[in-house]
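This report refers to the structure that appears directly beneath it.
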Amino acid sequence: MATARFLVSGLVQGVCFRASTQARARQLDLTGYARNLADGRVEVVASGDAQALARLEAWLHQGPPAAEVESVMREDHAEQHHDDFARR
């Protein structure tokens, strides 16, 4: 199992980004969380199959219809265990 941390910048708060990310991650059988950061970005930490993480990363570059994603930064992260994919 792999874990990655993504920082998503742009118009990504107040546009259902976390809820949409949660739905997509669950479709991909990923666990982890998405949360808003004080600086306007969304942090996503996801664990699961490497191919599923790559598919989530590709989706994060677009996000939900109302989002305007400017950048997605990815870093590999120490493996984490979560029971589900949550919104924080």
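Quick note on naming: the chains in the structure tokens go A, B, ... in the order shown, residues restart at 1 in each chain, and ligands are numbered from 1 in order of appearance.
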
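Contact shell of Leu60 of chain A at 8 Å (only C-alpha atoms; same-chain neighbours under 2 positions omitted): Val8, Thr21, Leu56, Glu57, Ala58, Gln62, Gly63, Val69 and Val72 of chain A.
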
Once you have the residues from the selection above, write them out as a PDB file, in the first residue's frame, restricted to C-alpha atoms.
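What ended up in result-v6.pdb:
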```
ATOM      1  CA  VAL A   8      -4.362  21.517  -4.202  1.00  0.00           C
ATOM      2  CA  THR A  21     -12.723  14.174  -3.480  1.00  0.00           C
ATOM      3  CA  LEU A  56      -6.950  10.312  -7.893  1.00  0.00           C
ATOM      4  CA  GLU A  57      -4.056  12.656  -8.673  1.00  0.00           C
ATOM      5  CA  ALA A  58      -5.259  13.023 -12.271  1.00  0.00           C
ATOM      6  CA  GLN A  62      -9.651  18.958 -12.553  1.00  0.00           C
ATOM      7  CA  GLY A  63     -11.767  18.573  -9.413  1.00  0.00           C
ATOM      8  CA  VAL A  69      -7.505  24.143  -9.847  1.00  0.00           C
ATOM      9  CA  VAL A  72      -1.510  20.014  -7.436  1.00  0.00           C
TER      10      VAL A  72
END
```

Next item on the list: Determine which residues of chain A DSSP labels as helix (DSSP H, G or I) from the backbone of this structure, then write them out as a VMD selection string.
Entry: chain A and resid 17 to 27 50 to 60

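Between atom CA of Asp39 of chain A and atom CA of Ala4 of chain A the separation is 20.2 Å.
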
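Nearest to Arg5 of chain A of all the residues A:Ala78, A:Ala67, A:Ala38, A:Leu30 is A:Ala78, counting only C-alpha atoms.
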
Item checked: Using only C-alpha atoms: which of A:Gly32, A:Pro65, A:Gly40, A:Gly10 has the shortest distance to His81 of chain A ->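 Distance minimum relative to His81 of chain A lands on A:Gly32.
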